[in-house]
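Participant: Before I ask anything, let me first share the structure, which is written out below as structure tokens.
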Amino acid sequence: MRTTSPGQSALLLLDVIDILNERRILYAIIGAFAASFYGMVRASLDADAVISIDHAQQSLQLCDDFRLKGLLVEDRKGDHNDPIREVINVQDRFGNRVDLLIGIRGMAQEVFSRTQKTKFSGSSINIVSLEDLIALKIFAGSPKDLQDVIGVVNVSGKKINLGSLQAITARYGADCVERLQILLKENPLEK
């Protein structure tokens, strides 16, 4: 394990990614870590990723792998109304935390093929695409998520493929499309 103290959730994420890679589980880093990658830096006490798991047995095996590494694991299943089918919360002994989200309503499998590969602390990692990040944060809809969107648009607006962003956001529903339109009207993309 790479962590040596609290405040190192990004390092715990690298350990989690090692296990995901061993199991050949597709992932995309989302949340504040991804927002920082695209220029909207803010502190966060955890790290987040979406992963691609089809079967409950895969989820159980993954949780067992984390436990074998000495990590604390909580596996929460959403009900039929929950927009997220399952969340695996992984913590180390220092309280660093990684949340792995499975089965986000509206999210297409292509999110994993659109990731941006980069290096962090000597490891290769997959960051969610800029357009997917914005759509996911709009879907999450909290004030903090929407502030992240505004920050990312202000910093990386020139890099956004508007057509792709609109198509991806539409998968999350009409409310998300409307929120995107309002945000872009108030924070236009720089050309």
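Each chain in the structure tokens gets a letter, A, B and so on, in the order shown; residues start at 1 in every chain, and ligands are counted from 1 in the order they appear.
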Can you pull out the residues contacting A:Ser52? Cut-off 12 Å, using only C-alpha atoms, and skip same-chain residues under 4 positions away; I want them as a PyMOL selection string.
Facilitator: chain A and resi 20-21+23-28+56+58-59+62+85-87+100-104+107-113
Participant: Do a neighbour search on A:Ile19 at 12 Å with only C-alpha atoms, toss out local chain neighbours closer than 4 positions, and write the hits as a compact mmCIF listing (two decimals) with N, CA and C atoms, in the first residue's frame.
Facilitator:
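See around30.txt below for the written result:
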```txt
# COMPACT_ATOMS: atom_id res chain seq x y z
N MET A 1 0.83 -1.17 0.00
CA MET A 1 0.00 0.00 0.00
C MET A 1 0.88 1.25 0.00
N LEU A 12 -4.28 5.95 -2.40
CA LEU A 12 -5.11 4.76 -2.23
C LEU A 12 -5.78 4.41 -3.55
N LEU A 13 -6.19 5.41 -4.31
CA LEU A 13 -6.79 5.17 -5.62
C LEU A 13 -5.83 4.39 -6.51
N LEU A 14 -4.54 4.71 -6.46
CA LEU A 14 -3.57 3.96 -7.26
C LEU A 14 -3.52 2.49 -6.86
N ASP A 15 -3.61 2.21 -5.56
CA ASP A 15 -3.65 0.81 -5.10
C ASP A 15 -4.92 0.12 -5.59
N ARG A 23 -7.68 -7.54 -12.26
CA ARG A 23 -8.95 -8.21 -12.57
C ARG A 23 -9.47 -7.83 -13.95
N ARG A 24 -8.74 -6.97 -14.66
CA ARG A 24 -9.16 -6.50 -15.99
C ARG A 24 -10.53 -5.83 -15.95
N ILE A 25 -10.75 -5.03 -14.94
CA ILE A 25 -12.00 -4.29 -14.79
C ILE A 25 -11.78 -2.88 -15.33
N LEU A 26 -12.61 -2.48 -16.28
CA LEU A 26 -12.53 -1.14 -16.85
C LEU A 26 -12.92 -0.11 -15.80
N TYR A 27 -12.24 1.04 -15.82
CA TYR A 27 -12.55 2.10 -14.87
C TYR A 27 -12.29 3.46 -15.53
N GLN A 61 -16.00 -10.74 -5.56
CA GLN A 61 -14.58 -11.09 -5.69
C GLN A 61 -13.69 -9.85 -5.54
N LEU A 62 -14.13 -8.75 -6.13
CA LEU A 62 -13.37 -7.51 -6.02
C LEU A 62 -13.29 -7.05 -4.56
N CYS A 63 -14.40 -7.10 -3.86
CA CYS A 63 -14.41 -6.74 -2.43
C CYS A 63 -13.48 -7.64 -1.63
N ASP A 64 -13.48 -8.93 -1.94
CA ASP A 64 -12.57 -9.87 -1.27
C ASP A 64 -11.11 -9.50 -1.53
N ASP A 65 -10.80 -9.11 -2.78
CA ASP A 65 -9.43 -8.70 -3.11
C ASP A 65 -9.00 -7.50 -2.27
N PHE A 66 -9.89 -6.53 -2.11
CA PHE A 66 -9.56 -5.35 -1.30
C PHE A 66 -9.32 -5.76 0.16
N ARG A 67 -10.18 -6.63 0.67
CA ARG A 67 -10.03 -7.08 2.07
C ARG A 67 -8.72 -7.83 2.27
N LEU A 68 -8.33 -8.64 1.28
CA LEU A 68 -7.06 -9.37 1.37
C LEU A 68 -5.86 -8.42 1.44
N LYS A 69 -6.02 -7.22 0.92
CA LYS A 69 -4.96 -6.21 0.98
C LYS A 69 -5.03 -5.39 2.26
N LEU A 71 -7.72 -3.70 3.40
CA LEU A 71 -8.57 -2.53 3.27
C LEU A 71 -9.96 -2.81 3.82
N VAL A 90 -14.04 1.89 -0.37
CA VAL A 90 -12.79 1.26 0.06
C VAL A 90 -12.04 2.27 0.93
```
Participant: Could you check the closest approach to A:Lys158 for each of A:Gly95, A:Gly173, A:Gly141, A:Pro188 and tell me which residue wins, using only C-alpha atoms?
Facilitator: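 Closest to A:Lys158, using only C-alpha atoms: A:Pro188.
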Participant: Give me, as a list in words, all polymer residues having an atom no more than 10 Å from A:Ala32, counting only C-alpha atoms and skipping those fewer than 4 positions away in the same chain.
Facilitator: Ser36, Phe37, Tyr38, Met40, Val41, Arg42, Ala43, Ser44, Leu45, Asp46, Ala47, Asp48, Leu133, Lys144, Asp145 and Asp148 of chain A
Participant: Please, which residues of chain A, numbered as in this document, come out helix (DSSP H, G or I) from DSSP, as an MDAnalysis selection string?
Facilitator: chainID A and resid 9:22 31:37 56:68 109:112 130:140 143:159 162:170 174:186
Participant: Restricting the calculation to only C-alpha atoms, which member of A:Arg114, A:Ile138, A:Glu186, A:Asp132 is positioned closest to A:Ala167?
Facilitator: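 Ranked by minimum distance to A:Ala167, first place goes to A:Asp132.
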Participant: Within 12 Å of A:Gly122, counting only C-alpha atoms, which residues qualify if same-chain residues fewer than 2 places away don't, as a PDB file with C-alpha atoms, in the first residue's frame?
Facilitator:
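The new file part_35.pdb reads:
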```pdb
ATOM      1  CA  ARG A   2       1.242   3.457  -0.941  1.00  0.00           C
ATOM      2  CA  LEU A  11      -2.506   7.232  -3.471  1.00  0.00           C
ATOM      3  CA  LEU A  14      -3.566   3.957  -7.265  1.00  0.00           C
ATOM      4  CA  THR A 118      -2.213  10.009 -18.188  1.00  0.00           C
ATOM      5  CA  LYS A 119       0.480   9.438 -15.580  1.00  0.00           C
ATOM      6  CA  PHE A 120       0.100  10.122 -11.890  1.00  0.00           C
ATOM      7  CA  SER A 124      -0.751   5.070 -15.775  1.00  0.00           C
ATOM      8  CA  ILE A 125      -4.361   6.020 -15.024  1.00  0.00           C
TER       9      ILE A 125
END
```
Participant: Could you please write out, as a PyMOL selection string, every residue of stretch 7-190 of chain A that DSSP assigns to strand (DSSP E)?
Facilitator: chain A and resi 27-30+46-51+72-77+84-91+97-104+116-120+123-127
Participant: Generate the output file for the selected residues, N, CA and C atoms, as a tab-separated table (two decimals), in the first residue's frame.
Facilitator:
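Result saved to result.tsv:
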```tsv
chain	number	residue	atom	x	y	z
A	27	TYR	N	-12.24	1.04	-15.82
A	27	TYR	CA	-12.55	2.10	-14.87
A	27	TYR	C	-12.29	3.46	-15.53
A	28	ALA	N	-12.89	4.47	-14.95
A	28	ALA	CA	-12.63	5.86	-15.33
A	28	ALA	C	-12.67	6.69	-14.05
A	29	ILE	N	-11.62	7.43	-13.79
A	29	ILE	CA	-11.57	8.30	-12.61
A	29	ILE	C	-12.49	9.49	-12.86
A	30	ILE	N	-13.32	9.79	-11.87
A	30	ILE	CA	-14.27	10.89	-11.96
A	30	ILE	C	-14.07	11.81	-10.75
A	46	ASP	N	-11.85	12.23	-0.64
A	46	ASP	CA	-11.92	10.91	-1.22
A	46	ASP	C	-11.57	10.99	-2.70
A	47	ALA	N	-11.51	9.84	-3.33
A	47	ALA	CA	-11.30	9.73	-4.77
A	47	ALA	C	-12.42	8.86	-5.32
A	48	ASP	N	-12.85	9.14	-6.54
A	48	ASP	CA	-13.99	8.44	-7.11
A	48	ASP	C	-13.66	7.89	-8.49
A	49	ALA	N	-14.26	6.75	-8.80
A	49	ALA	CA	-14.14	6.17	-10.15
A	49	ALA	C	-15.42	5.41	-10.46
A	50	VAL	N	-15.73	5.33	-11.74
A	50	VAL	CA	-16.79	4.44	-12.19
A	50	VAL	C	-16.10	3.20	-12.72
A	51	ILE	N	-16.72	2.05	-12.48
A	51	ILE	CA	-16.14	0.79	-12.97
A	51	ILE	C	-17.20	-0.01	-13.71
A	72	LEU	N	-10.61	-1.77	4.31
A	72	LEU	CA	-11.98	-1.87	4.79
A	72	LEU	C	-12.90	-1.66	3.59
A	73	VAL	N	-13.95	-2.45	3.49
A	73	VAL	CA	-14.83	-2.39	2.33
A	73	VAL	C	-16.28	-2.36	2.77
A	74	GLU	N	-17.04	-1.45	2.18
A	74	GLU	CA	-18.48	-1.42	2.36
A	74	GLU	C	-19.09	-1.45	0.96
A	75	ASP	N	-19.95	-2.41	0.72
A	75	ASP	CA	-20.61	-2.56	-0.59
A	75	ASP	C	-22.08	-2.23	-0.41
A	76	ARG	N	-22.52	-1.13	-1.02
A	76	ARG	CA	-23.91	-0.69	-0.89
A	76	ARG	C	-24.62	-0.84	-2.23
A	77	LYS	N	-25.77	-1.47	-2.18
A	77	LYS	CA	-26.60	-1.63	-3.38
A	77	LYS	C	-27.72	-0.61	-3.33
A	84	ILE	N	-27.73	5.11	-9.01
A	84	ILE	CA	-26.48	4.33	-8.98
A	84	ILE	C	-26.80	2.95	-8.43
A	85	ARG	N	-26.49	1.93	-9.24
A	85	ARG	CA	-26.84	0.56	-8.86
A	85	ARG	C	-26.07	0.07	-7.63
A	86	GLU	N	-24.79	0.46	-7.53
A	86	GLU	CA	-23.95	-0.06	-6.46
A	86	GLU	C	-22.76	0.88	-6.24
A	87	VAL	N	-22.34	0.99	-4.98
A	87	VAL	CA	-21.13	1.74	-4.64
A	87	VAL	C	-20.29	0.86	-3.72
A	88	ILE	N	-19.03	0.68	-4.11
A	88	ILE	CA	-18.07	-0.01	-3.25
A	88	ILE	C	-17.18	1.07	-2.65
A	89	ASN	N	-17.25	1.19	-1.33
A	89	ASN	CA	-16.45	2.16	-0.59
A	89	ASN	C	-15.24	1.41	-0.03
A	90	VAL	N	-14.04	1.89	-0.37
A	90	VAL	CA	-12.79	1.26	0.06
A	90	VAL	C	-12.04	2.27	0.93
A	91	GLN	N	-11.62	1.82	2.12
A	91	GLN	CA	-10.87	2.70	3.02
A	91	GLN	C	-9.64	1.98	3.54
A	97	ARG	N	-10.13	7.29	1.43
A	97	ARG	CA	-11.30	6.60	0.89
A	97	ARG	C	-11.36	6.72	-0.63
A	98	VAL	N	-11.79	5.61	-1.25
A	98	VAL	CA	-12.08	5.57	-2.69
A	98	VAL	C	-13.49	5.01	-2.84
A	99	ASP	N	-14.31	5.70	-3.62
A	99	ASP	CA	-15.66	5.22	-3.93
A	99	ASP	C	-15.68	4.74	-5.37
A	100	LEU	N	-16.09	3.49	-5.57
A	100	LEU	CA	-16.22	2.91	-6.89
A	100	LEU	C	-17.71	2.81	-7.21
A	101	LEU	N	-18.15	3.52	-8.24
A	101	LEU	CA	-19.55	3.55	-8.62
A	101	LEU	C	-19.79	2.58	-9.76
A	102	ILE	N	-20.87	1.82	-9.64
A	102	ILE	CA	-21.21	0.80	-10.63
A	102	ILE	C	-22.64	1.04	-11.09
A	103	GLY	N	-22.83	1.04	-12.40
A	103	GLY	CA	-24.19	1.10	-12.95
A	103	GLY	C	-24.88	2.43	-12.77
A	104	ILE	N	-24.28	3.52	-13.25
A	104	ILE	CA	-24.94	4.82	-13.18
A	104	ILE	C	-25.99	4.89	-14.28
A	116	GLN	N	-9.12	9.51	-20.90
A	116	GLN	CA	-7.82	10.12	-21.20
A	116	GLN	C	-6.77	9.40	-20.36
A	117	LYS	N	-5.79	8.83	-21.02
A	117	LYS	CA	-4.74	8.14	-20.29
A	117	LYS	C	-3.66	9.16	-19.92
A	118	THR	N	-3.24	9.10	-18.66
A	118	THR	CA	-2.21	10.01	-18.19
A	118	THR	C	-1.39	9.31	-17.11
A	119	LYS	N	-0.37	9.97	-16.65
A	119	LYS	CA	0.48	9.44	-15.58
A	119	LYS	C	0.23	10.22	-14.30
A	120	PHE	N	0.19	9.50	-13.20
A	120	PHE	CA	0.10	10.12	-11.89
A	120	PHE	C	0.98	9.34	-10.94
A	123	SER	N	2.31	6.06	-12.18
A	123	SER	CA	1.37	5.04	-12.64
A	123	SER	C	0.52	5.59	-13.78
A	124	SER	N	0.15	4.71	-14.69
A	124	SER	CA	-0.75	5.07	-15.77
A	124	SER	C	-2.19	4.96	-15.26
A	125	ILE	N	-2.98	6.00	-15.50
A	125	ILE	CA	-4.36	6.02	-15.02
A	125	ILE	C	-5.30	6.49	-16.14
A	126	ASN	N	-6.59	6.16	-15.99
A	126	ASN	CA	-7.62	6.54	-16.96
A	126	ASN	C	-8.55	7.56	-16.33
A	127	ILE	N	-8.52	8.78	-16.88
A	127	ILE	CA	-9.39	9.86	-16.43
A	127	ILE	C	-10.59	9.94	-17.37
```
Participant: Could you check how far atom CA of A:Leu60 sits from atom CA of A:Leu136, in Å to one decimal?
Facilitator: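 If I compute the distance from atom CA of A:Leu60 to atom CA of A:Leu136, I get 25.7 Å.
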Participant: When you draw a straight line from atom CA of A:Tyr172 to atom CA of A:Gly78, how long is it in Å?
Facilitator: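 Straight-line distance from atom CA of A:Tyr172 to atom CA of A:Gly78 works out to 17.4 Å.
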